[in-house]
>>> print(open('entry_9.pdb').read())   # PDB, C-alpha atoms
ATOM      1  CA  MET A  50      96.260 107.819 131.739
ATOM      2  CA  MET A  51      92.762 107.421 130.350
ATOM      3  CA  ALA A  52      90.945 109.453 127.689
ATOM      4  CA  LEU A  53      87.350 109.776 126.552
ATOM      5  CA  GLY A  54      86.876 110.548 122.847
ATOM      6  CA  ILE A  55      83.777 111.800 121.041
ATOM      7  CA  GLU A  56      83.626 111.399 117.246
ATOM      8  CA  GLY A  57      80.971 113.275 115.303
ATOM      9  CA  THR A  58      82.228 114.454 111.913
ATOM     10  CA  ALA A  59      79.552 112.954 109.657
ATOM     11  CA  HIS A  60      76.985 110.140 109.783
ATOM     12  CA  THR A  61      78.550 108.258 112.737
ATOM     13  CA  LEU A  62      78.489 109.180 116.407
ATOM     14  CA  GLY A  63      81.227 107.340 118.270
ATOM     15  CA  ILE A  64      82.324 107.255 121.906
ATOM     16  CA  GLY A  65      85.661 105.721 122.854
ATOM     17  CA  ILE A  66      87.547 105.223 126.096
ATOM     18  CA  VAL A  67      91.226 104.268 125.908
ATOM     19  CA  THR A  68      94.486 104.098 127.803
ATOM     20  CA  GLU A  69      97.865 104.485 126.114
ATOM     21  CA  ARG A  70      97.899 100.784 125.228
ATOM     22  CA  LYS A  71      94.329  99.532 125.216
ATOM     23  CA  VAL A  72      90.828 100.275 123.911
ATOM     24  CA  LEU A  73      88.475  99.931 126.876
ATOM     25  CA  ALA A  74      85.308 100.871 124.990
ATOM     26  CA  ASN A  75      84.438 101.791 121.420
ATOM     27  CA  VAL A  76      80.733 102.205 120.735
ATOM     28  CA  PHE A  77      79.001 103.942 117.853
ATOM     29  CA  ASP A  78      75.800 104.366 115.908
ATOM     30  CA  THR A  79      75.539 105.280 112.230
ATOM     31  CA  LEU A  80      72.666 107.051 110.511
ATOM     32  CA  THR A  81      71.618 105.101 107.415
ATOM     33  CA  THR A  82      69.039 105.741 104.692
ATOM     34  CA  GLU A  83      67.280 103.622 102.091
ATOM     35  CA  LYS A  84      67.290 106.449  99.544
ATOM     36  CA  GLY A  85      69.511 109.477  99.045
ATOM     37  CA  GLY A  86      72.502 110.520 101.099
ATOM     38  CA  ILE A  87      72.980 111.979 104.566
ATOM     39  CA  HIS A  88      71.552 115.407 105.415
ATOM     40  CA  PRO A  89      73.779 117.273 107.936
ATOM     41  CA  LYS A  90      70.815 118.430 110.043
ATOM     42  CA  GLU A  91      69.388 114.909 110.277
ATOM     43  CA  ALA A  92      72.800 113.518 111.209
ATOM     44  CA  ALA A  93      73.237 116.146 113.928
ATOM     45  CA  GLU A  94      69.795 115.329 115.353
ATOM     46  CA  HIS A  95      70.746 111.647 115.325
ATOM     47  CA  HIS A  96      73.937 112.413 117.264
ATOM     48  CA  ALA A  97      72.208 114.643 119.817
ATOM     49  CA  LYS A  98      69.550 111.999 120.472
ATOM     50  CA  LEU A  99      72.025 109.154 120.970
ATOM     51  CA  LEU A 100      74.811 110.972 122.813
ATOM     52  CA  LYS A 101      73.717 110.176 126.383
ATOM     53  CA  PRO A 102      72.804 106.516 125.683
ATOM     54  CA  LEU A 103      76.144 105.919 123.943
ATOM     55  CA  LEU A 104      78.077 107.611 126.742
ATOM     56  CA  ARG A 105      76.377 105.346 129.277
ATOM     57  CA  LYS A 106      77.098 102.308 127.105
ATOM     58  CA  ALA A 107      80.774 103.260 126.736
ATOM     59  CA  PHE A 108      81.268 103.686 130.489
ATOM     60  CA  GLU A 109      79.515 100.379 131.145
ATOM     61  CA  GLU A 110      81.682  98.607 128.560
ATOM     62  CA  ALA A 111      84.876 100.132 129.962
ATOM     63  CA  GLY A 112      83.862  99.513 133.572
ATOM     64  CA  VAL A 113      84.931 103.006 134.614
ATOM     65  CA  GLY A 114      83.338 106.312 135.561
ATOM     66  CA  MET A 115      83.907 109.870 134.397
ATOM     67  CA  ASP A 116      85.908 110.572 137.536
ATOM     68  CA  GLU A 117      88.562 108.098 136.302
ATOM     69  CA  VAL A 118      88.954 109.806 132.922
ATOM     70  CA  ASP A 119      91.964 112.127 132.664
ATOM     71  CA  ILE A 120      91.152 114.056 129.468
ATOM     72  CA  VAL A 121      88.237 114.634 127.087
ATOM     73  CA  ALA A 122      88.958 114.644 123.344
ATOM     74  CA  PHE A 123      86.626 115.417 120.450
ATOM     75  CA  SER A 124      86.705 115.537 116.657
ATOM     76  CA  GLN A 125      87.317 119.212 115.896
ATOM     77  CA  GLY A 126      87.158 118.732 112.110
ATOM     78  CA  PRO A 127      87.062 118.376 109.190
ATOM     79  CA  GLY A 128      83.441 117.434 108.790
ATOM     80  CA  LEU A 129      79.826 118.566 108.674
ATOM     81  CA  GLY A 130      79.280 121.667 110.811
ATOM     82  CA  PRO A 131      76.083 120.612 112.610
ATOM     83  CA  CYS A 132      77.555 117.204 113.476
ATOM     84  CA  LEU A 133      80.866 118.641 114.668
ATOM     85  CA  ARG A 134      79.067 121.093 116.937
ATOM     86  CA  VAL A 135      77.159 118.316 118.707
ATOM     87  CA  ALA A 136      80.407 116.484 119.531
ATOM     88  CA  ALA A 137      82.229 119.668 120.562
ATOM     89  CA  THR A 138      79.391 120.893 122.779
ATOM     90  CA  ALA A 139      79.204 117.542 124.552
ATOM     91  CA  ALA A 140      82.973 117.481 125.081
ATOM     92  CA  ARG A 141      82.987 121.018 126.490
ATOM     93  CA  ALA A 142      80.117 120.225 128.838
ATOM     94  CA  LEU A 143      81.878 117.140 130.213
ATOM     95  CA  ALA A 144      85.243 118.895 130.518
ATOM     96  CA  ILE A 145      83.769 121.864 132.380
ATOM     97  CA  ARG A 146      81.471 119.840 134.637
ATOM     98  CA  TYR A 147      84.159 117.372 135.712
ATOM     99  CA  GLY A 148      87.148 119.732 135.560
ATOM    100  CA  LYS A 149      88.999 117.757 132.882
ATOM    101  CA  PRO A 150      91.422 119.030 130.203
ATOM    102  CA  ILE A 151      89.942 119.126 126.697
ATOM    103  CA  VAL A 152      91.719 118.421 123.378
ATOM    104  CA  GLY A 153      90.446 119.037 119.843
ATOM    105  CA  VAL A 154      91.581 116.360 117.408
ATOM    106  CA  ASN A 155      91.993 116.418 113.630
ATOM    107  CA  HIS A 156      89.837 113.549 112.381
ATOM    108  CA  CYS A 157      92.159 112.608 109.493
ATOM    109  CA  ILE A 158      95.249 112.435 111.698
ATOM    110  CA  ALA A 159      93.372 110.291 114.223
ATOM    111  CA  HIS A 160      92.751 107.633 111.565
ATOM    112  CA  VAL A 161      96.515 107.198 111.112
ATOM    113  CA  GLU A 162      97.503 107.720 114.759
ATOM    114  CA  ILE A 163      95.368 104.841 116.067
ATOM    115  CA  THR A 164      97.565 102.387 114.128
ATOM    116  CA  LYS A 165     100.414 103.255 116.513
ATOM    117  CA  MET A 166      98.579 101.476 119.305
ATOM    118  CA  PHE A 167      99.468  98.310 117.365
ATOM    119  CA  GLY A 168     103.182  99.016 117.040
ATOM    120  CA  VAL A 169     103.201 100.933 113.764
ATOM    121  CA  LYS A 170     105.991 103.518 113.940
ATOM    122  CA  ASP A 171     106.105 105.958 111.023
ATOM    123  CA  PRO A 172     103.815 104.974 108.146
ATOM    124  CA  VAL A 173     102.534 106.280 104.884
ATOM    125  CA  GLY A 174      98.791 106.316 105.461
ATOM    126  CA  LEU A 175      96.165 105.809 102.788
ATOM    127  CA  TYR A 176      93.036 107.329 104.308
ATOM    128  CA  VAL A 177      89.918 106.438 102.339
ATOM    129  CA  SER A 178      86.438 107.383 103.511
ATOM    130  CA  GLY A 179      83.245 109.009 102.307
ATOM    131  CA  GLY A 180      84.357 112.611 102.464
ATOM    132  CA  ASN A 181      88.132 112.181 102.437
ATOM    133  CA  THR A 182      90.782 110.524 100.315
ATOM    134  CA  GLN A 183      94.359 111.372 101.263
ATOM    135  CA  VAL A 184      97.851 109.927 101.279
ATOM    136  CA  LEU A 185      99.488 111.136 104.513
ATOM    137  CA  ALA A 186     102.900 110.871 106.101
ATOM    138  CA  LEU A 187     104.688 112.601 108.950
ATOM    139  CA  GLU A 188     107.446 114.869 107.633
ATOM    140  CA  GLY A 189     109.007 117.936 109.266
ATOM    141  CA  GLY A 190     106.784 117.851 112.347
ATOM    142  CA  ARG A 191     103.478 117.752 110.484
ATOM    143  CA  TYR A 192     101.309 115.230 108.687
ATOM    144  CA  ARG A 193     101.863 116.197 105.073
ATOM    145  CA  VAL A 194      99.304 115.468 102.379
ATOM    146  CA  PHE A 195     101.259 113.834  99.555
ATOM    147  CA  GLY A 196      98.179 113.260  97.447
ATOM    148  CA  GLU A 197      94.434 113.701  97.731
ATOM    149  CA  THR A 198      91.200 113.743  95.788
ATOM    150  CA  LEU A 199      90.562 116.845  93.721
ATOM    151  CA  ASP A 200      86.797 116.372  93.734
ATOM    152  CA  ILE A 201      84.984 113.727  95.785
ATOM    153  CA  GLY A 202      86.173 111.107  98.252
ATOM    154  CA  ILE A 203      86.333 107.517  97.067
ATOM    155  CA  GLY A 204      83.641 106.530  99.583
ATOM    156  CA  ASN A 205      81.254 109.184  98.293
ATOM    157  CA  ALA A 206      81.953 108.083  94.719
ATOM    158  CA  ILE A 207      81.098 104.480  95.574
ATOM    159  CA  ASP A 208      78.009 105.485  97.571
ATOM    160  CA  THR A 209      76.761 107.720  94.746
ATOM    161  CA  PHE A 210      77.153 104.886  92.257
ATOM    162  CA  ALA A 211      75.331 102.564  94.655
ATOM    163  CA  ARG A 212      72.440 105.023  94.986
ATOM    164  CA  GLU A 213      72.209 105.190  91.188
ATOM    165  CA  LEU A 214      71.805 101.404  91.231
ATOM    166  CA  GLY A 215      69.092 101.715  93.901
ATOM    167  CA  LEU A 216      71.181 100.084  96.639
ATOM    168  CA  GLY A 217      70.743 102.705  99.398
ATOM    169  CA  PHE A 218      73.329 104.039 101.848
ATOM    170  CA  PRO A 219      75.979 102.994 102.710
ATOM    171  CA  GLY A 220      76.706 101.383  99.366
ATOM    172  CA  GLY A 221      80.306 100.193  99.773
ATOM    173  CA  PRO A 222      79.615  96.625 100.956
ATOM    174  CA  LYS A 223      76.912  96.171  98.298
ATOM    175  CA  ILE A 224      79.157  97.375  95.477
ATOM    176  CA  GLU A 225      81.916  95.060  96.722
ATOM    177  CA  ARG A 226      79.576  92.063  96.659
ATOM    178  CA  LEU A 227      78.478  92.920  93.124
ATOM    179  CA  ALA A 228      82.107  93.366  92.034
ATOM    180  CA  GLN A 229      82.986  89.889  93.268
ATOM    181  CA  LYS A 230      80.582  88.533  90.642
ATOM    182  CA  GLY A 231      82.067  90.618  87.843
ATOM    183  CA  GLU A 232      83.395  88.704  84.837
ATOM    184  CA  ARG A 233      84.543  91.407  82.422
ATOM    185  CA  TYR A 234      86.517  94.629  82.777
ATOM    186  CA  ILE A 235      84.816  97.618  81.149
ATOM    187  CA  GLU A 236      87.109 100.534  80.408
ATOM    188  CA  LEU A 237      86.471 103.583  82.592
ATOM    189  CA  PRO A 238      88.366 106.900  82.964
ATOM    190  CA  TYR A 239      91.558 106.590  85.010
ATOM    191  CA  ALA A 240      92.519 109.930  86.545
ATOM    192  CA  VAL A 241      95.808 110.391  88.399
ATOM    193  CA  LYS A 242      97.079 113.952  88.213
ATOM    194  CA  GLY A 243     100.573 114.082  89.619
ATOM    195  CA  MET A 244     100.019 112.751  93.128
ATOM    196  CA  ASP A 245      96.345 113.713  93.218
ATOM    197  CA  LEU A 246      93.249 111.791  92.231
ATOM    198  CA  SER A 247      89.885 112.445  90.615
ATOM    199  CA  PHE A 248      86.886 110.146  90.908
ATOM    200  CA  SER A 249      84.184 112.247  89.222
ATOM    201  CA  GLY A 250      85.084 110.942  85.766
ATOM    202  CA  VAL A 251      84.950 107.246  86.629
ATOM    203  CA  LEU A 252      81.673 107.832  88.485
ATOM    204  CA  THR A 253      80.030 109.775  85.651
ATOM    205  CA  GLU A 254      81.036 107.225  83.025
ATOM    206  CA  ALA A 255      79.988 104.237  85.139
ATOM    207  CA  VAL A 256      76.567 105.836  85.677
ATOM    208  CA  ARG A 257      76.254 106.646  81.954
ATOM    209  CA  LYS A 258      77.069 103.089  80.984
ATOM    210  CA  TYR A 259      74.612 101.710  83.543
ATOM    211  CA  ARG A 260      71.812 103.875  82.170
ATOM    212  CA  THR A 261      72.304 102.473  78.673
ATOM    213  CA  GLY A 262      71.232  99.067  79.953
ATOM    214  CA  LYS A 263      73.943  97.377  77.879
ATOM    215  CA  TYR A 264      76.193  96.288  80.735
ATOM    216  CA  ARG A 265      75.886  93.887  83.655
ATOM    217  CA  VAL A 266      75.874  95.765  86.955
ATOM    218  CA  GLU A 267      78.329  93.195  88.324
ATOM    219  CA  ASP A 268      80.824  94.027  85.571
ATOM    220  CA  LEU A 269      80.376  97.759  86.117
ATOM    221  CA  ALA A 270      80.917  97.398  89.878
ATOM    222  CA  TYR A 271      84.012  95.284  89.263
ATOM    223  CA  SER A 272      85.398  97.779  86.740
ATOM    224  CA  PHE A 273      84.641 100.742  89.002
ATOM    225  CA  GLN A 274      86.590  99.187  91.863
ATOM    226  CA  GLU A 275      89.529  98.062  89.733
ATOM    227  CA  THR A 276      89.940 101.483  88.140
ATOM    228  CA  ALA A 277      89.564 103.592  91.283
ATOM    229  CA  PHE A 278      91.632 101.305  93.496
ATOM    230  CA  ALA A 279      94.481 101.078  90.987
ATOM    231  CA  ALA A 280      94.751 104.865  91.125
ATOM    232  CA  LEU A 281      94.821 104.788  94.947
ATOM    233  CA  VAL A 282      97.570 102.189  94.972
ATOM    234  CA  GLU A 283      99.602 104.125  92.401
ATOM    235  CA  VAL A 284      99.744 107.347  94.408
ATOM    236  CA  THR A 285     100.405 105.440  97.630
ATOM    237  CA  GLU A 286     103.347 103.667  96.007
ATOM    238  CA  ARG A 287     104.730 106.991  94.823
ATOM    239  CA  ALA A 288     104.518 108.380  98.366
ATOM    240  CA  VAL A 289     106.387 105.334  99.684
ATOM    241  CA  ALA A 290     109.103 105.831  97.083
ATOM    242  CA  HIS A 291     109.355 109.543  97.841
ATOM    243  CA  THR A 292     109.452 109.311 101.641
ATOM    244  CA  GLY A 293     111.419 106.079 101.957
ATOM    245  CA  LYS A 294     109.120 104.932 104.749
ATOM    246  CA  GLU A 295     108.868 101.233 105.469
ATOM    247  CA  GLU A 296     105.229 100.953 106.578
ATOM    248  CA  VAL A 297     101.902 101.505 104.826
ATOM    249  CA  VAL A 298      98.603 101.646 106.714
ATOM    250  CA  LEU A 299      95.116 101.574 105.236
ATOM    251  CA  VAL A 300      92.487 103.448 107.266
ATOM    252  CA  GLY A 301      89.002 104.896 106.871
ATOM    253  CA  GLY A 302      85.674 103.251 106.138
ATOM    254  CA  VAL A 303      86.676 102.043 102.667
ATOM    255  CA  ALA A 304      89.524 100.085 104.302
ATOM    256  CA  ALA A 305      86.924  97.347 104.826
ATOM    257  CA  ASN A 306      87.060  96.571 101.093
ATOM    258  CA  ASN A 307      88.929  93.302 100.584
ATOM    259  CA  ARG A 308      89.912  94.043  96.991
ATOM    260  CA  LEU A 309      91.626  97.304  97.971
ATOM    261  CA  ARG A 310      93.467  95.433 100.726
ATOM    262  CA  GLU A 311      94.624  92.785  98.235
ATOM    263  CA  MET A 312      95.972  95.383  95.817
ATOM    264  CA  LEU A 313      97.845  97.295  98.520
ATOM    265  CA  LYS A 314      99.237  94.086  99.981
ATOM    266  CA  ALA A 315     100.589  93.111  96.559
ATOM    267  CA  MET A 316     102.222  96.525  96.099
ATOM    268  CA  THR A 317     103.817  96.624  99.548
ATOM    269  CA  SER A 318     105.041  93.044  99.190
ATOM    270  CA  GLU A 319     106.771  93.906  95.912
ATOM    271  CA  ARG A 320     108.407  96.935  97.536
ATOM    272  CA  GLY A 321     109.411  95.040 100.681
ATOM    273  CA  VAL A 322     107.526  97.287 103.122
ATOM    274  CA  GLU A 323     105.103  96.392 105.914
ATOM    275  CA  PHE A 324     101.344  96.660 105.395
ATOM    276  CA  PHE A 325      98.834  97.049 108.225
ATOM    277  CA  VAL A 326      95.065  97.495 108.512
ATOM    278  CA  PRO A 327      93.577  98.060 111.991
ATOM    279  CA  PRO A 328      90.512  96.090 113.127
ATOM    280  CA  TYR A 329      87.516  97.416 111.221
ATOM    281  CA  ASP A 330      85.946  99.108 114.255
ATOM    282  CA  LEU A 331      89.091 101.264 114.384
ATOM    283  CA  CYS A 332      89.129 101.905 110.616
ATOM    284  CA  ARG A 333      85.663 103.394 110.403
ATOM    285  CA  ASP A 334      84.814 106.687 112.131
ATOM    286  CA  ASN A 335      85.095 105.931 115.847
ATOM    287  CA  GLY A 336      85.595 107.533 119.240
ATOM    288  CA  ALA A 337      88.553 105.374 120.247
ATOM    289  CA  MET A 338      90.830 106.911 117.618
ATOM    290  CA  ILE A 339      89.834 110.393 118.815
ATOM    291  CA  ALA A 340      90.498 109.448 122.439
ATOM    292  CA  TYR A 341      93.848 107.841 121.632
ATOM    293  CA  THR A 342      95.074 110.749 119.496
ATOM    294  CA  GLY A 343      93.888 113.275 122.052
ATOM    295  CA  LEU A 344      95.774 111.388 124.766
ATOM    296  CA  ARG A 345      98.968 111.320 122.687
ATOM    297  CA  MET A 346      98.608 115.036 121.984
ATOM    298  CA  TYR A 347      98.095 115.820 125.667
ATOM    299  CA  LEU A 348     101.120 113.747 126.686
ATOM    300  CA  GLY A 349     103.073 115.644 124.014
ATOM    301  CA  GLY A 350     102.291 118.953 125.681
ATOM    302  CA  VAL A 351      99.239 120.091 123.675
ATOM    303  CA  ARG A 352      96.808 122.184 125.704
ATOM    304  CA  PHE A 353      93.506 123.816 124.738
ATOM    305  CA  LYS A 354      91.577 126.653 126.287
ATOM    306  CA  ILE A 355      87.795 126.283 126.040
ATOM    307  CA  GLU A 356      87.641 129.220 123.623
ATOM    308  CA  GLU A 357      90.047 127.344 121.311
ATOM    309  CA  THR A 358      87.683 124.420 120.896
ATOM    310  CA  VAL A 359      85.601 125.927 118.089
ATOM    311  CA  VAL A 360      84.962 123.416 115.299
ATOM    312  CA  LYS A 361      86.777 123.631 111.960
ATOM    313  CA  GLN A 362      84.752 122.275 109.058
ATOM    314  CA  LYS A 363      87.737 122.548 106.716
ATOM    315  CA  PHE A 364      90.444 121.532 109.185
ATOM    316  CA  ARG A 365      93.490 120.751 107.047
ATOM    317  CA  THR A 366      95.612 117.806 108.091
ATOM    318  CA  ASP A 367      98.863 119.744 107.712
ATOM    319  CA  GLU A 368      97.683 122.581 109.995
ATOM    320  CA  VAL A 369      98.527 120.513 113.071
ATOM    321  CA  LYS A 370     102.025 120.757 114.544
ATOM    322  CA  VAL A 371     102.929 117.279 115.787
ATOM    323  CA  THR A 372     104.687 117.637 119.148
ATOM    324  CA  TRP A 373     104.026 114.137 120.409
ATOM    325  CA  GLY A 374     106.324 111.161 119.800
TER     326      GLY A 374
END
>>> encode(input="entry_9.pdb", output="structure tokens")
Amino acid sequence: MMALGIEGTAHTLGIGIVTERKVLANVFDTLTTEKGGIHPKEAAEHHAKLLKPLLRKAFEEAGVGMDEVDIVAFSQGPGLGPCLRVAATAARALAIRYGKPIVGVNHCIAHVEITKMFGVKDPVGLYVSGGNTQVLALEGGRYRVFGETLDIGIGNAIDTFARELGLGFPGGPKIERLAQKGERYIELPYAVKGMDLSFSGVLTEAVRKYRTGKYRVEDLAYSFQETAFAALVEVTERAVAHTGKEEVVLVGGVAANNRLREMLKAMTSERGVEFFVPPYDLCRDNGAMIAYTGLRMYLGGVRFKIEETVVKQKFRTDEVKVTWG
């Protein structure tokens, strides 16, 4: 079977076409800014403008037509309302026009599910992106959240720090490059609360120290990463110990960071569990993960009526009953 997936939760519009074993197309476009963050209305306008061109590009890349697609999947949430509505409206229009089944997909679950295309079976997932930071694992027929941020996502924390330094958006790659030149660790607040995390303290203190002018930005970037990533690895290790699972996957846009990968690889090696990171185009927000998860859901018996495809801005990961294998 073949699925078309439309991703539109935040700043990235993605279109993916997949089968059960292969990504046929995975195209996307991301709204970027030189100053400030992403405004939901501007992101939605960006998605609406590029939807048709990206659809055409995806079909060309896959070498198929809409008549060959079996189901249409879309990111139902969580995310920014205006952006979600663009993706959902497009999915409904295609499903109705071509008489295809439609499936609404939880964006967070899709990040972990796409790893199963590569042979991952039953992992603990560390999902790190701009708006989300969660440690997930499948237990009792649902993806349970074993730990999550209590304030802002790690990606947003990094991007906010980058904007303070005048680096623009997205700031992750720029902060990573600065951190690689760091020579001294500067103490910053380390906040792990049970299994949950907080990044507002490390962000506030890093910004305060930067504004004093007494510290090298390279050292601050290095210290920011070391502190925040150590907390992420700690809660992930606890989830592995609690669940007894033998695989850890790193997903989400921040999965591109090589230092975070190194730290997780060291932890999993010490514990004797497998560690996997998908190709970056499948880590970031993308349509292929939506298509693949929607296809797995459909094959597992999940069905949606059109009236059930309303978007859910605060769609909790553990709301979804996992009926697929």
>>> closest_residue(input="entry_9.pdb", among="A:Glu109, A:Asp119, A:Asp78, A:Glu357", to="Ala92 of chain A", atoms="only C-alpha atoms")
A:Asp78
>>> resolve_selection(input="entry_9.pdb", expression="the PyMOL selection byres ((chain A and resi 111-116) around 8)", output="ChimeraX atom specification")
/A:66,73-74,107-110,117-119,147
>>> closest_residue(input="entry_9.pdb", among="A:Ala305, A:Leu214, A:Val359, A:Leu237", to="Val135 of chain A", atoms="only C-alpha atoms")
A:Val359
>>> resolve_selection(input="entry_9.pdb", expression="the PyMOL selection byres ((chain A and resi 336-352) around 7)", output="MDAnalysis selection string")
chainID A and resid 52:56 63:67 69 72 75 122:124 152 154 159:160 162:163 331 335 353:354 372:374
>>> residues_around(input="entry_9.pdb", residues="segment 256-268 of chain A", least_positions_apart="5", cutoff="9 Å", atoms="all atoms listed in the file", output="list in words")
Phe210, Glu213, Leu214, Ile224, Arg226, Leu227, Ala228, Gln229, Lys230, Gly231, Glu232, Arg233, Tyr234, Ile235, Val251 and Phe273 of chain A
>>> write_last_selection(input="entry_9.pdb", atoms="C-alpha atoms", output="PDB file, in the frame of the given file")
ATOM      1  CA  PHE A 210      77.153 104.886  92.257  1.00  0.00           C
ATOM      2  CA  GLU A 213      72.209 105.190  91.188  1.00  0.00           C
ATOM      3  CA  LEU A 214      71.805 101.404  91.231  1.00  0.00           C
ATOM      4  CA  ILE A 224      79.157  97.375  95.477  1.00  0.00           C
ATOM      5  CA  ARG A 226      79.576  92.063  96.659  1.00  0.00           C
ATOM      6  CA  LEU A 227      78.478  92.920  93.124  1.00  0.00           C
ATOM      7  CA  ALA A 228      82.107  93.366  92.034  1.00  0.00           C
ATOM      8  CA  GLN A 229      82.986  89.889  93.268  1.00  0.00           C
ATOM      9  CA  LYS A 230      80.582  88.533  90.642  1.00  0.00           C
ATOM     10  CA  GLY A 231      82.067  90.618  87.843  1.00  0.00           C
ATOM     11  CA  GLU A 232      83.395  88.704  84.837  1.00  0.00           C
ATOM     12  CA  ARG A 233      84.543  91.407  82.422  1.00  0.00           C
ATOM     13  CA  TYR A 234      86.517  94.629  82.777  1.00  0.00           C
ATOM     14  CA  ILE A 235      84.816  97.618  81.149  1.00  0.00           C
ATOM     15  CA  VAL A 251      84.950 107.246  86.629  1.00  0.00           C
ATOM     16  CA  PHE A 273      84.641 100.742  89.002  1.00  0.00           C
TER      17      PHE A 273
END
>>> atom_distance(input="entry_9.pdb", atom1="atom CA of Gln362 of chain A", atom2="atom CA of Asp330 of chain A")
23.8 Å
>>> resolve_selection(input="entry_9.pdb", expression="the PyMOL selection byres ((chain A and resi 239) around 12)", output="NGL selection string")
:A and (235-238 or 240-242 or 245-255 or 272-281 or 283)
